[in-house]
Every structure is written in structure tokens, then in C-alpha cells.
$ cat entry30.txt   # compact mmCIF, C-alpha atoms and all ligand atoms
# COMPACT_ATOMS: atom_id res chain seq x y z
CA MET D 246 -34.96 11.01 12.54
CA ALA D 247 -32.26 9.29 10.49
CA SER D 248 -29.21 10.60 8.64
CA VAL D 249 -26.98 9.32 5.85
CA VAL D 250 -23.31 9.33 6.86
CA ILE D 251 -20.01 8.74 5.12
CA THR D 252 -18.58 5.80 7.05
CA GLY D 253 -15.35 5.38 5.10
CA VAL D 254 -13.21 7.08 2.48
CA GLY D 255 -10.22 6.01 0.42
CA SER D 256 -8.12 7.10 -2.52
CA TYR D 257 -5.53 5.86 -4.95
CA ALA D 258 -3.13 7.53 -7.35
CA PRO D 259 -0.83 5.73 -9.80
CA ASN D 260 2.87 5.60 -8.93
CA LYS D 261 4.18 7.43 -11.97
CA ILE D 262 4.59 11.18 -11.42
CA LEU D 263 4.83 13.66 -14.28
CA THR D 264 6.36 16.97 -13.20
CA ASN D 265 6.05 20.35 -14.88
CA SER D 266 9.67 20.06 -15.89
CA ASP D 267 8.90 16.69 -17.57
CA LEU D 268 6.07 18.44 -19.47
CA SER D 269 8.38 21.22 -20.60
CA LYS D 270 10.24 18.55 -22.57
CA ILE D 271 7.05 17.49 -24.38
CA VAL D 272 5.36 20.85 -25.16
CA ASP D 273 6.38 24.52 -25.22
CA THR D 274 5.77 25.34 -21.56
CA THR D 275 7.64 26.05 -18.32
CA ASP D 276 7.35 25.07 -14.68
CA GLN D 277 6.96 28.78 -13.89
CA TRP D 278 4.01 29.30 -16.29
CA ILE D 279 2.16 26.21 -15.02
CA CYS D 280 2.76 27.07 -11.34
CA GLU D 281 1.75 30.71 -11.73
CA ARG D 282 -1.31 30.15 -13.93
CA THR D 283 -2.64 26.95 -12.31
CA GLY D 284 -0.81 26.09 -9.05
CA ILE D 285 -0.11 22.58 -10.38
CA LYS D 286 3.41 21.17 -9.85
CA GLU D 287 2.97 17.51 -10.72
CA ARG D 288 0.33 14.92 -11.51
CA HIS D 289 0.02 11.12 -11.34
CA ILE D 290 -0.21 9.21 -14.62
CA ALA D 291 -1.59 5.67 -14.91
CA GLY D 292 0.47 2.99 -16.64
CA ASP D 293 -0.51 1.50 -20.01
CA ASP D 294 -1.78 -1.57 -18.15
CA GLU D 295 -3.96 0.48 -15.77
CA ALA D 296 -7.49 1.52 -16.78
CA CYS D 297 -10.10 3.56 -14.96
CA SER D 298 -11.58 0.49 -13.21
CA ASP D 299 -8.16 -0.50 -11.83
CA LEU D 300 -7.83 2.90 -10.16
CA ALA D 301 -11.46 2.77 -8.97
CA ILE D 302 -11.01 -0.66 -7.38
CA LYS D 303 -7.94 0.38 -5.39
CA ALA D 304 -9.71 3.46 -4.01
CA ALA D 305 -12.82 1.37 -3.26
CA ILE D 306 -10.83 -1.26 -1.34
CA ALA D 307 -9.35 1.52 0.82
CA ALA D 308 -12.78 3.06 1.46
CA LEU D 309 -14.38 -0.31 2.33
CA ALA D 310 -11.55 -1.05 4.78
CA ASP D 311 -11.90 2.42 6.34
CA ALA D 312 -15.65 1.82 6.75
CA ASN D 313 -15.16 -1.78 7.91
CA VAL D 314 -17.70 -2.85 5.30
CA LYS D 315 -17.44 -6.00 3.15
CA PRO D 316 -18.15 -5.89 -0.61
CA GLY D 317 -21.08 -8.27 0.03
CA GLU D 318 -22.86 -5.55 2.05
CA ILE D 319 -22.93 -3.06 -0.85
CA ASP D 320 -26.30 -2.84 -2.60
CA LEU D 321 -25.70 0.37 -4.57
CA LEU D 322 -22.53 1.08 -6.58
CA ILE D 323 -22.05 4.27 -8.56
CA VAL D 324 -18.90 5.11 -10.51
CA ALA D 325 -18.55 8.75 -11.60
CA THR D 326 -16.22 9.00 -14.58
CA CYS D 327 -15.74 10.46 -18.03
CA SER D 328 -12.83 8.14 -18.85
CA GLY D 329 -14.31 4.68 -18.25
CA ASP D 330 -12.55 1.53 -19.50
CA MET D 331 -14.92 1.21 -22.50
CA PRO D 332 -17.94 3.07 -23.91
CA LEU D 333 -19.92 -0.11 -23.16
CA PRO D 334 -20.45 -1.62 -20.59
CA SER D 335 -20.29 0.69 -17.60
CA THR D 336 -17.11 0.78 -15.52
CA ALA D 337 -19.37 0.06 -12.52
CA CYS D 338 -20.05 -3.45 -13.90
CA LEU D 339 -16.30 -4.13 -14.09
CA VAL D 340 -15.80 -2.85 -10.55
CA GLN D 341 -18.80 -4.81 -9.22
CA HIS D 342 -17.52 -8.11 -10.60
CA ARG D 343 -13.88 -7.71 -9.59
CA LEU D 344 -14.67 -6.44 -6.09
CA GLY D 345 -17.18 -9.23 -5.43
CA ILE D 346 -20.13 -6.91 -4.92
CA PRO D 347 -23.31 -9.04 -5.21
CA ALA D 348 -25.01 -9.15 -8.63
CA HIS D 349 -28.27 -7.97 -7.03
CA ALA D 350 -26.63 -4.62 -6.26
CA THR D 351 -27.62 -1.75 -8.54
CA SER D 352 -24.44 -0.72 -10.37
CA PHE D 353 -24.07 2.10 -12.87
CA ASP D 354 -21.84 4.94 -14.08
CA ILE D 355 -22.67 8.59 -13.93
CA ALA D 356 -21.42 11.12 -16.47
CA ALA D 357 -21.21 14.59 -14.95
CA ALA D 358 -17.49 15.25 -15.51
CA CYS D 359 -15.80 16.92 -12.53
CA SER D 360 -19.09 17.19 -10.61
CA GLY D 361 -19.67 13.43 -10.94
CA PHE D 362 -18.80 12.51 -7.37
CA LEU D 363 -21.34 15.00 -5.98
CA TYR D 364 -23.94 13.69 -8.44
CA ALA D 365 -23.23 10.15 -7.20
CA MET D 366 -23.44 11.30 -3.58
CA GLU D 367 -26.79 13.04 -4.11
CA ILE D 368 -28.30 9.88 -5.66
CA ALA D 369 -26.92 7.57 -2.96
CA TYR D 370 -28.06 9.98 -0.22
CA GLY D 371 -31.65 10.11 -1.50
CA GLN D 372 -31.88 6.39 -2.14
CA ILE D 373 -30.55 5.41 1.29
CA LEU D 374 -32.65 7.99 3.12
CA THR D 375 -35.81 6.61 1.49
CA ASN D 376 -34.80 3.04 2.42
CA ARG D 377 -34.41 1.86 -1.17
CA TYR D 378 -30.80 0.81 -0.48
CA LYS D 379 -28.81 0.17 2.70
CA CYS D 380 -25.16 0.66 1.87
CA ALA D 381 -23.68 2.54 -1.09
CA LEU D 382 -20.18 2.63 -2.52
CA ILE D 383 -19.58 5.74 -4.61
CA ILE D 384 -16.39 6.21 -6.58
CA GLY D 385 -14.91 9.04 -8.64
CA ALA D 386 -12.24 7.57 -10.94
CA GLU D 387 -10.45 8.98 -13.96
CA LYS D 388 -7.69 8.09 -16.36
CA LEU D 389 -7.73 11.53 -17.98
CA SER D 390 -4.27 10.94 -19.45
CA ALA D 391 -6.06 8.75 -22.03
CA LEU D 392 -8.21 11.71 -23.12
CA THR D 393 -5.39 14.25 -23.03
CA ASP D 394 -3.88 15.68 -26.20
CA TRP D 395 -0.20 15.57 -25.29
CA THR D 396 0.58 18.01 -28.13
CA ASP D 397 -1.77 20.73 -26.77
CA ARG D 398 -0.02 22.83 -24.11
CA THR D 399 -3.24 24.64 -23.19
CA THR D 400 -4.80 21.44 -21.79
CA CYS D 401 -2.13 18.78 -21.22
CA VAL D 402 -0.59 20.63 -18.27
CA LEU D 403 -3.88 20.50 -16.34
CA PHE D 404 -4.97 16.90 -15.97
CA GLY D 405 -3.98 13.84 -13.94
CA ASP D 406 -5.18 10.33 -13.07
CA GLY D 407 -6.54 8.94 -9.80
CA ALA D 408 -9.57 7.72 -7.87
CA GLY D 409 -11.39 8.38 -4.62
CA ALA D 410 -14.26 6.51 -2.98
CA ALA D 411 -16.72 6.73 -0.11
CA VAL D 412 -19.09 4.33 1.67
CA LEU D 413 -22.47 5.71 2.71
CA ARG D 414 -25.07 4.27 5.05
CA LYS D 415 -27.94 5.30 7.31
CA VAL D 416 -27.75 5.95 11.05
CA ASP D 417 -30.55 6.56 13.54
CA GLN D 418 -29.42 10.01 14.55
CA SER D 419 -30.49 13.35 13.14
CA GLY D 420 -28.39 16.26 11.93
CA ILE D 421 -25.17 14.45 11.02
CA GLY D 422 -23.64 13.19 7.79
CA ILE D 423 -24.93 14.72 4.58
CA ILE D 424 -27.02 17.68 5.68
CA GLY D 425 -27.41 19.28 2.26
CA SER D 426 -26.85 18.51 -1.40
CA ASP D 427 -27.66 20.56 -4.47
CA LEU D 428 -26.80 20.03 -8.15
CA GLY D 429 -27.19 21.81 -11.46
CA ALA D 430 -26.30 21.64 -15.14
CA ASP D 431 -26.22 24.40 -17.76
CA GLY D 432 -25.92 22.87 -21.22
CA GLN D 433 -25.31 26.17 -23.00
CA PHE D 434 -21.60 25.69 -22.22
CA VAL D 435 -21.26 22.23 -23.81
CA ASP D 436 -18.81 23.28 -26.51
CA LYS D 437 -16.51 25.11 -24.08
CA LEU D 438 -15.18 21.81 -22.75
CA CYS D 439 -15.73 18.53 -24.55
CA VAL D 440 -14.31 15.50 -26.33
CA PRO D 441 -15.80 16.13 -29.79
CA ALA D 442 -15.59 12.62 -31.31
CA GLY D 443 -16.14 9.01 -30.36
CA GLY D 444 -19.87 9.30 -29.63
CA SER D 445 -22.87 9.02 -31.95
CA ARG D 446 -22.48 12.64 -33.19
CA LYS D 447 -19.02 11.96 -34.62
CA PRO D 448 -18.22 8.25 -34.50
CA ALA D 449 -14.57 7.22 -34.61
CA SER D 450 -13.10 7.37 -38.10
CA ALA D 451 -9.69 7.85 -39.67
CA GLN D 452 -10.63 11.54 -39.98
CA THR D 453 -11.54 12.01 -36.30
CA VAL D 454 -8.26 10.36 -35.31
CA ALA D 455 -6.32 12.60 -37.74
CA ASP D 456 -8.16 15.64 -36.29
CA ARG D 457 -7.20 14.60 -32.74
CA ALA D 458 -10.91 14.90 -31.98
CA HIS D 459 -10.90 12.10 -29.37
CA PHE D 460 -9.09 14.32 -26.88
CA ILE D 461 -10.33 17.00 -24.47
CA ARG D 462 -10.84 20.42 -26.08
CA MET D 463 -11.35 23.40 -23.84
CA ASN D 464 -11.78 27.14 -23.97
CA GLY D 465 -9.84 27.71 -20.73
CA ARG D 466 -10.73 31.38 -20.23
CA GLU D 467 -14.47 30.78 -20.65
CA VAL D 468 -14.45 27.74 -18.37
CA PHE D 469 -12.47 29.70 -15.79
CA LYS D 470 -15.01 32.55 -15.72
CA SER D 471 -17.98 30.17 -15.50
CA ALA D 472 -16.29 28.15 -12.75
CA VAL D 473 -15.68 31.19 -10.56
CA ARG D 474 -19.27 32.41 -11.01
CA VAL D 475 -21.06 29.10 -10.55
CA MET D 476 -18.99 27.80 -7.60
CA ASP D 477 -19.58 31.01 -5.68
CA GLN D 478 -23.30 30.90 -6.45
CA VAL D 479 -23.83 27.25 -5.51
CA ALA D 480 -21.85 27.64 -2.27
CA ARG D 481 -23.81 30.76 -1.25
CA GLU D 482 -27.14 29.07 -1.94
CA MET D 483 -26.13 26.06 0.14
CA LEU D 484 -25.13 28.23 3.10
CA GLU D 485 -28.35 30.26 2.86
CA GLN D 486 -30.55 27.17 2.63
CA HIS D 487 -29.00 25.82 5.82
CA HIS D 488 -28.83 29.14 7.67
CA LEU D 489 -25.06 28.93 7.98
CA THR D 490 -22.50 31.71 7.77
CA ALA D 491 -19.09 31.39 6.16
CA ASP D 492 -17.32 31.32 9.55
CA GLN D 493 -19.28 28.20 10.53
CA ILE D 494 -17.62 26.20 7.72
CA ASP D 495 -14.57 24.39 9.09
CA LEU D 496 -13.25 23.13 5.77
CA VAL D 497 -14.08 23.69 2.11
CA ILE D 498 -13.14 20.96 -0.34
CA PRO D 499 -13.46 22.47 -3.82
CA HIS D 500 -12.93 20.75 -7.15
CA GLN D 501 -9.17 20.94 -7.75
CA ALA D 502 -8.85 22.56 -11.19
CA ASN D 503 -6.88 25.76 -10.75
CA ARG D 504 -5.51 27.45 -7.62
CA ARG D 505 -6.62 30.86 -8.94
CA ILE D 506 -10.24 29.64 -9.11
CA ILE D 507 -9.97 28.52 -5.47
CA GLU D 508 -8.36 31.82 -4.39
CA SER D 509 -11.13 33.76 -6.08
CA LEU D 510 -13.73 31.61 -4.31
CA SER D 511 -12.01 32.18 -0.97
CA GLN D 512 -12.22 35.95 -1.51
CA SER D 513 -15.82 36.05 -2.70
CA LEU D 514 -17.10 33.72 0.04
CA LYS D 515 -14.91 35.44 2.67
CA ILE D 516 -13.56 32.10 3.87
CA PRO D 517 -9.77 32.25 4.46
CA LEU D 518 -7.69 30.15 2.08
CA ASP D 519 -6.30 28.08 4.96
CA ARG D 520 -9.82 26.65 5.42
CA PHE D 521 -9.75 25.31 1.84
CA TYR D 522 -8.22 21.89 1.25
CA ILE D 523 -5.88 22.18 -1.72
CA ASN D 524 -3.89 19.31 -3.21
CA LEU D 525 -3.95 20.21 -6.91
CA ASP D 526 -0.23 20.99 -6.74
CA ARG D 527 0.35 17.21 -6.41
CA TYR D 528 -2.53 15.82 -8.51
CA GLY D 529 -3.59 18.36 -11.13
CA ASN D 530 -7.24 18.15 -12.16
CA THR D 531 -8.48 14.56 -11.78
CA SER D 532 -12.10 15.45 -12.69
CA ALA D 533 -14.60 13.22 -10.82
CA ALA D 534 -11.79 11.87 -8.63
CA SER D 535 -10.68 15.28 -7.42
CA ILE D 536 -13.14 15.82 -4.54
CA PRO D 537 -13.02 12.26 -3.14
CA ILE D 538 -9.20 12.16 -3.30
CA ALA D 539 -9.10 15.47 -1.41
CA LEU D 540 -11.74 14.25 1.06
CA ALA D 541 -9.80 11.06 1.81
CA GLU D 542 -6.55 13.01 2.24
CA ALA D 543 -8.15 15.67 4.42
CA ARG D 544 -9.48 12.92 6.71
CA ARG D 545 -6.10 11.15 6.76
CA PHE D 546 -4.23 14.36 7.56
CA GLY D 547 -6.57 15.23 10.47
CA ARG D 548 -8.24 18.18 8.72
CA ILE D 549 -11.71 16.76 9.49
CA LYS D 550 -12.85 16.21 13.08
CA PRO D 551 -16.14 15.02 14.65
CA GLY D 552 -18.75 17.78 14.82
CA GLN D 553 -17.09 19.88 12.12
CA ILE D 554 -18.83 21.02 8.93
CA THR D 555 -17.28 20.47 5.49
CA LEU D 556 -18.53 22.17 2.32
CA LEU D 557 -17.86 20.38 -0.98
CA ILE D 558 -18.09 22.44 -4.20
CA ALA D 559 -17.75 21.12 -7.75
CA PHE D 560 -18.00 22.28 -11.35
CA GLY D 561 -17.15 20.53 -14.58
CA ALA D 562 -17.86 20.01 -18.26
CA GLY D 563 -21.48 20.48 -19.18
CA LEU D 564 -21.36 22.85 -17.36
CA THR D 565 -22.31 20.74 -14.36
CA TYR D 566 -22.00 21.94 -10.80
CA GLY D 567 -22.96 21.06 -7.26
CA SER D 568 -22.33 21.48 -3.58
CA ALA D 569 -22.83 19.40 -0.46
CA LEU D 570 -22.63 19.99 3.27
CA ILE D 571 -21.41 17.30 5.65
CA ARG D 572 -21.41 17.38 9.45
CA TRP D 573 -18.97 14.75 10.78
N1 LIG D 601 2.55 27.10 -21.17
C1 LIG D 601 2.91 28.33 -21.59
N2 LIG D 601 2.04 29.18 -22.14
C2 LIG D 601 0.76 28.78 -22.26
C3 LIG D 601 0.34 27.51 -21.85
C4 LIG D 601 1.30 26.65 -21.28
N3 LIG D 601 0.98 25.43 -20.85
N4 LIG D 601 -0.98 27.39 -22.10
C5 LIG D 601 -1.39 28.55 -22.64
N5 LIG D 601 -0.32 29.38 -22.76
C6 LIG D 601 -0.30 30.75 -23.30
C7 LIG D 601 -1.44 31.01 -24.24
O1 LIG D 601 -1.12 30.57 -25.55
C8 LIG D 601 -1.58 32.50 -24.16
O2 LIG D 601 -0.59 33.09 -24.97
P1 LIG D 601 -0.95 34.42 -25.83
O3 LIG D 601 -1.30 35.46 -24.82
O4 LIG D 601 0.31 34.67 -26.57
O5 LIG D 601 -2.12 34.02 -26.68
C9 LIG D 601 -1.22 32.81 -22.70
O6 LIG D 601 -0.49 31.66 -22.23
C10 LIG D 601 -2.40 33.05 -21.83
O7 LIG D 601 -3.36 32.03 -22.10
P2 LIG D 601 -4.75 31.97 -21.34
O8 LIG D 601 -5.57 30.85 -21.89
O9 LIG D 601 -5.37 33.33 -21.28
O10 LIG D 601 -4.25 31.62 -19.88
P3 LIG D 601 -5.08 31.60 -18.57
O11 LIG D 601 -4.47 32.49 -17.60
O12 LIG D 601 -6.55 31.71 -18.82
O13 LIG D 601 -4.81 30.11 -18.05
C11 LIG D 601 -5.87 27.97 -17.99
C12 LIG D 601 -5.20 29.02 -18.85
C13 LIG D 601 -4.88 27.51 -16.95
C14 LIG D 601 -6.32 26.81 -18.85
C15 LIG D 601 -7.08 28.61 -17.28
O14 LIG D 601 -7.87 29.31 -18.21
C16 LIG D 601 -7.94 27.62 -16.56
O15 LIG D 601 -7.53 27.00 -15.59
N6 LIG D 601 -9.22 27.46 -16.99
C17 LIG D 601 -10.12 26.58 -16.31
C18 LIG D 601 -9.88 25.17 -16.70
C19 LIG D 601 -10.69 24.24 -15.85
O16 LIG D 601 -10.86 24.51 -14.68
N7 LIG D 601 -11.26 23.17 -16.35
C20 LIG D 601 -12.05 22.39 -15.44
C21 LIG D 601 -12.94 21.53 -16.00
S1 LIG D 601 -12.15 20.06 -16.42
C22 LIG D 601 -13.32 18.81 -16.60
O17 LIG D 601 -14.48 18.99 -16.37
C23 LIG D 601 -12.79 17.50 -17.15

$ encode --input "entry30.txt" --output "C-alpha cells" --more "lines below"
Ligand code: ACO
Amino acid sequence: MASVVITGVGSYAPNKILTNSDLSKIVDTTDQWICERTGIKERHIAGDDEACSDLAIKAAIAALADANVKPGEIDLLIVATCSGDMPLPSTACLVQHRLGIPAHATSFDIAAACSGFLYAMEIAYGQILTNRYKCALIIGAEKLSALTDWTDRTTCVLFGDGAGAAVLRKVDQSGIGIIGSDLGADGQFVDKLCVPAGGSRKPASAQTVADRAHFIRMNGREVFKSAVRVMDQVAREMLEQHHLTADQIDLVIPHQANRRIIESLSQSLKIPLDRFYINLDRYGNTSAASIPIALAEARRFGRIKPGQITLLIAFGAGLTYGSALIRW
């Protein structure tokens, strides 16, 4: 029996750091409010000359080096993002060309907001397991600062820029690597978190620009409630499916949106908070990049050891959600 394993991880965050106190000079907010309501202290912001693909490439180079894999070996490339360089073509095509991944590789973007990395992982996992591809590079990359309304204090304090990546391949050993993956999407929540304009429903016009409709709009309270409910549910289902109890999970890597969401999850799942990897204080919410950045950091900081089980849990605009179990 074979398994699909993560053979390398990497991450990148732009140099520029925007603190809560910096934000308090832009909008009517305070470091205290942001810390208490979200847990976020600072976030990385990409430069004007840095686009989503630039962040993605740096994370990918780190992941390839960690895996000791050359770009020429990649035959499946998936970039999860909602802030790609351009509406057309995919950011994956830009990454493929600049990294020197062969043109015969299948390269595409996936749009599942903050759950995008788990969507990419599920696809790569299935495709490698069924021998369609040999070696996948999956990337979560976001320049959310480009979609942020810097005049809206209810959203601009939340988001940051960054990228994380992983290399996946098959090994002839059973029971290791990705041992479970489950995804979902509930479109009834579409209007709770969206960028209203710039697509075919409301193409860009002078009016949409004047309405600031090209930026993220969110009903924070509604998203918060849905996130708590759906993350708990998807994590429970994953544990049940795999006959695992909460105390068998060594580390949980949740989507990094709000510390209160993570605390609530810790209570409902009865997994102590010190078994959750939390870095949102330093990154804010980086959407599809949040889980792979946390995964790469957790590995680097020795929070993941051979034989241990990690549970990944995501939710995002859509409302999309997902979870995955990895035995290292
Ligand atoms: N600074 C100071 N006050 C603020 C700020 C701010 N930055 N933002 C809102 N407030 C005020 C509000 O105006 C409100 O004032 P009022 O009572 O006078 O009306 C008060 O603070 C409370 O506002 P709430 O919205 O109820 O605050 P809440 O505790 O719900 O926190 C937050 C808001 C942080 C947005 C929270 O709801 C949240 O984290 N929601 C989830 C967001 C999320 O996880 N999104 C993830 C998906 S992202 C993706 O997929 C790209």
C-alpha cells in the first residue's frame, strides 16, 4: 500500500511590517481593540513591486529546497489564491514559467479563499495516489493588502500578505502522510464575505471604483459564527472517520483568522490551546497562505516530529471549509 507524503514545506512573508499602532494612524482603531478582539499584533505587507506570484515563488523555492526536489520534477502545480496577479491568466502559469517547471506540467489556480490550500492538497493527494501525477507543488499565496479597503476599520485590521508551499509525492509505505482529507462549500453565505465588483456580475467601472466595490466586504459577526460552527463540525467528522480521539492529535493547525475562533475551537474539541499552532499575532489573516505558512513554521520550530499526527482545519469565503489529517 502506498501513501502520499509532504516531503518539503516553505514560506515567505514580505519584509514590511504594519503594526496595530501604525493602523491606528490610518483608521479609528487601537492596538488594544485589535489585540483583544482578534489576537493580531502585526502583519506583513507586500511592496508595490511585489505581486502574488512573487510571494508564491519565494515560498515555492523554500519548499523545493526542503524537499530536495528540482522544479523539473514537478508535474502538477496548484496555486490557491484569491488575490492573483491578474484575473487572466492564472498565477500558476506565471509561477510555472519563472520557476522553470516544465510546460508539460498541469498548472492551475484554485479559488476557495482561506480553504484554498486544503482544496489544493486534496486534489494533489488524489491525483498522486491514482498515479496520474508523480510530484506536486501546492502553494497558498496572497497579497490581500491589494484587496483591502484601508478606510474600513472593520476589515483592514485583519488581513496580511504572505505565501506558503508544500511538495507532495508518493511513497511505498502505508499509513503515513495524508491520511484523511475532507472539503465542503456552502454557497448560502456568499454575500457575508466577498469582493463585490471586478467580475462579470459587476465589471469594473468608474462607479464600482467610486463605491470601493473592488475591496473585501465582510459581515464579521456572521462569518465568526459560521467559522466556529463549521470548523468544529469538520474537525469532529475527520476524527470520527479515522477513529481518533482528541488526545491523539499532537498539533492542530487552524486557519489563522481570529484568536477567539481558535480558542472556541479548542474548548469545543477539548484539545488544549497549547496543542494549536498560532501565529496570527505576527501575520494576521493571510487567507490561502495561512495554513501553509503555519505548517512551515511549525516544522521549522520543531513542533512536528516523526510519527505525530497533525490536524489542519480551514474555513473561508464561500463559505468554504475543510480539514486534513497528516501522520509524519
Ligand atoms: N477598531 C475599533 N473598533 C472597531 C473596529 C476596529 N478595528 N472594528 C469594529 N469596531 C467596532 C464596531 O464598529 C462595533 O462598534 P459598535 O458596537 O459601536 O457598533 C464594535 O467594535 C464591535 O464590532 P463587532 O463587529 O461586533 O466586533 P467583533 O467582536 O465581532 O469583532 C471581527 C469583529 C474581528 C471582524 C470578528 O467578527 C471576526 O473576526 N470575524 C471573523 C472574520 C474572519 O474570520 N474572516 C475570515 C475569512 S477571511 C477570507 O476568507 C479572505

$ closest_atom_pairs --input "entry30.txt" --of "chain D" --to "ligand LIG 601 (chain D)" --cutoff "8 Å" --atoms "only C-alpha atoms and all ligand atoms" --output "CSV"
residue,atom,partner,partner_atom,distance
D:Val272,CA,D:LIG601,N3,7.7
D:Asp273,CA,D:LIG601,N1,6.1
D:Thr274,CA,D:LIG601,N1,3.7
D:Thr275,CA,D:LIG601,N1,5.9
D:Trp278,CA,D:LIG601,C1,5.5
D:Ile279,CA,D:LIG601,N3,6.0
D:Arg282,CA,D:LIG601,C13,5.4
D:Thr283,CA,D:LIG601,C13,5.2
D:Cys327,CA,D:LIG601,C23,7.7
D:Ala358,CA,D:LIG601,O17,4.9
D:Cys359,CA,D:LIG601,O17,4.6
D:Ser360,CA,D:LIG601,O17,7.6
D:Leu389,CA,D:LIG601,C23,7.9
D:Arg398,CA,D:LIG601,N3,4.3
D:Thr399,CA,D:LIG601,N4,3.7
D:Thr400,CA,D:LIG601,C14,6.3
D:Cys401,CA,D:LIG601,N3,7.4
D:Val402,CA,D:LIG601,N3,5.7
D:Leu403,CA,D:LIG601,C13,7.1
D:Phe404,CA,D:LIG601,S1,7.9
D:Leu438,CA,D:LIG601,O17,7.0
D:Ile461,CA,D:LIG601,C23,7.7
D:Met463,CA,D:LIG601,N7,7.5
D:Asn464,CA,D:LIG601,O14,7.3
D:Gly465,CA,D:LIG601,O14,3.6
D:Arg466,CA,D:LIG601,O14,4.1
D:Glu467,CA,D:LIG601,O14,7.2
D:Val468,CA,D:LIG601,C17,4.9
D:Phe469,CA,D:LIG601,C17,3.9
D:Lys470,CA,D:LIG601,C17,7.7
D:Ala472,CA,D:LIG601,O16,6.8
D:Gln501,CA,D:LIG601,O16,8.0
D:Ala502,CA,D:LIG601,O16,4.5
D:Asn503,CA,D:LIG601,O15,5.0
D:Arg505,CA,D:LIG601,O15,7.7
D:Ile506,CA,D:LIG601,O15,7.5
D:Asn530,CA,D:LIG601,S1,6.8
D:Thr531,CA,D:LIG601,C23,7.5
D:Ser532,CA,D:LIG601,C23,5.0
D:Ala533,CA,D:LIG601,C23,7.9
D:Phe560,CA,D:LIG601,C21,6.9
D:Gly561,CA,D:LIG601,O17,3.6
D:Ala562,CA,D:LIG601,O17,4.0
D:Gly563,CA,D:LIG601,O17,7.7
D:Leu564,CA,D:LIG601,O17,8.0

$ atom_distance --input "entry30.txt" --atom1 "atom CA of Glu281 of chain D" --atom2 "atom CA of Arg504 of chain D"
9.0 Å

$ closest_residue --input "entry30.txt" --among "D:Gly255, D:Gly425, D:Gly547, D:Gly529" --to "Leu484 of chain D" --atoms "all atoms listed in the file"
D:Gly425

$ residues_near_point --input "entry30.txt" --point "(-19.7, 11.9, -6.7)" --cutoff "7 Å" --atoms "all atoms listed in the file" --output "ChimeraX atom specification"
/D:325,360-366,383-385,533

$ closest_residue --input "entry30.txt" --among "D:Ile319, D:Asp406, D:Val435, D:His487" --to "Asn260 of chain D" --atoms "only C-alpha atoms"
D:Asp406

$ closest_residue --input "entry30.txt" --among "D:Leu321, D:Ala411, D:Ala312, D:Ala534" --to "Arg377 of chain D" --atoms "only C-alpha atoms"
D:Leu321

$ closest_atom_pairs --input "entry30.txt" --of "segment 398-476 of chain D" --to "segment 535-543 of chain D" --cutoff "10 Å" --atoms "only C-alpha atoms" --output "tab-separated table"
residue	atom	partner	partner_atom	distance
D:Gly405	CA	D:Ser535	CA	9.5
D:Asp406	CA	D:Ser535	CA	9.3
D:Gly407	CA	D:Ile538	CA	7.7
D:Ala408	CA	D:Ile538	CA	6.4
D:Gly409	CA	D:Pro537	CA	4.5
D:Ala410	CA	D:Pro537	CA	5.9
D:Ala411	CA	D:Pro537	CA	7.3

$ atom_distance --input "entry30.txt" --atom1 "atom CA of Trp573 of chain D" --atom2 "atom CA of Thr555 of chain D"
8.0 Å

$ atom_distance --input "entry30.txt" --atom1 "atom CA of Ser426 of chain D" --atom2 "atom CA of Ala258 of chain D"
26.8 Å

$ closest_residue --input "entry30.txt" --among "D:Ala357, D:Leu339, D:Glu485, D:Ala569" --to "Gly432 of chain D" --atoms "all atoms listed in the file"
D:Ala357

$ closest_residue --input "entry30.txt" --among "D:Lys388, D:Lys437, D:Arg572, D:Lys270" --to "Glu295 of chain D" --atoms "all atoms listed in the file"
D:Lys388

$ decode --input "entry30.txt" --residues "segment 284-295 of chain D" --atoms "N, CA, C and O atoms" --output "CSV table (one decimal), in the first residue's frame"
chain,number,residue,atom,x,y,z
D,284,GLY,N,-6.5,39.1,18.4
D,284,GLY,CA,-5.3,38.5,18.7
D,284,GLY,C,-4.1,38.9,17.8
D,284,GLY,O,-3.0,38.5,17.9
D,285,ILE,N,-4.5,39.7,16.8
D,285,ILE,CA,-3.4,40.2,15.8
D,285,ILE,C,-2.7,41.4,16.3
D,285,ILE,O,-3.3,42.3,16.9
D,286,LYS,N,-1.3,41.3,16.2
D,286,LYS,CA,-0.5,42.4,16.6
D,286,LYS,C,0.2,43.1,15.4
D,286,LYS,O,0.3,44.3,15.4
D,287,GLU,N,0.5,42.4,14.5
D,287,GLU,CA,1.1,43.0,13.3
D,287,GLU,C,0.9,42.0,12.1
D,287,GLU,O,0.5,40.9,12.2
D,288,ARG,N,1.2,42.6,10.9
D,288,ARG,CA,1.0,41.8,9.7
D,288,ARG,C,2.1,42.2,8.7
D,288,ARG,O,2.6,43.4,8.8
D,289,HIS,N,2.4,41.3,7.7
D,289,HIS,CA,3.4,41.7,6.7
D,289,HIS,C,2.6,42.2,5.5
D,289,HIS,O,1.6,41.7,5.1
D,290,ILE,N,3.2,43.3,4.9
D,290,ILE,CA,2.6,43.9,3.7
D,290,ILE,C,3.6,43.9,2.5
D,290,ILE,O,4.7,44.4,2.7
D,291,ALA,N,3.1,43.4,1.4
D,291,ALA,CA,4.0,43.4,0.2
D,291,ALA,C,4.2,44.8,-0.3
D,291,ALA,O,3.4,45.6,-0.2
D,292,GLY,N,5.4,44.9,-1.0
D,292,GLY,CA,5.7,46.2,-1.6
D,292,GLY,C,4.9,46.4,-2.9
D,292,GLY,O,4.3,45.5,-3.4
D,293,ASP,N,4.9,47.6,-3.4
D,293,ASP,CA,4.2,47.9,-4.7
D,293,ASP,C,4.7,47.1,-5.8
D,293,ASP,O,4.0,46.8,-6.8
D,294,ASP,N,6.0,46.7,-5.7
D,294,ASP,CA,6.6,45.9,-6.8
D,294,ASP,C,6.5,44.4,-6.6
D,294,ASP,O,7.0,43.6,-7.4
D,295,GLU,N,5.8,44.0,-5.6
D,295,GLU,CA,5.6,42.6,-5.3
D,295,GLU,C,4.2,42.2,-5.5
D,295,GLU,O,3.3,42.8,-4.9
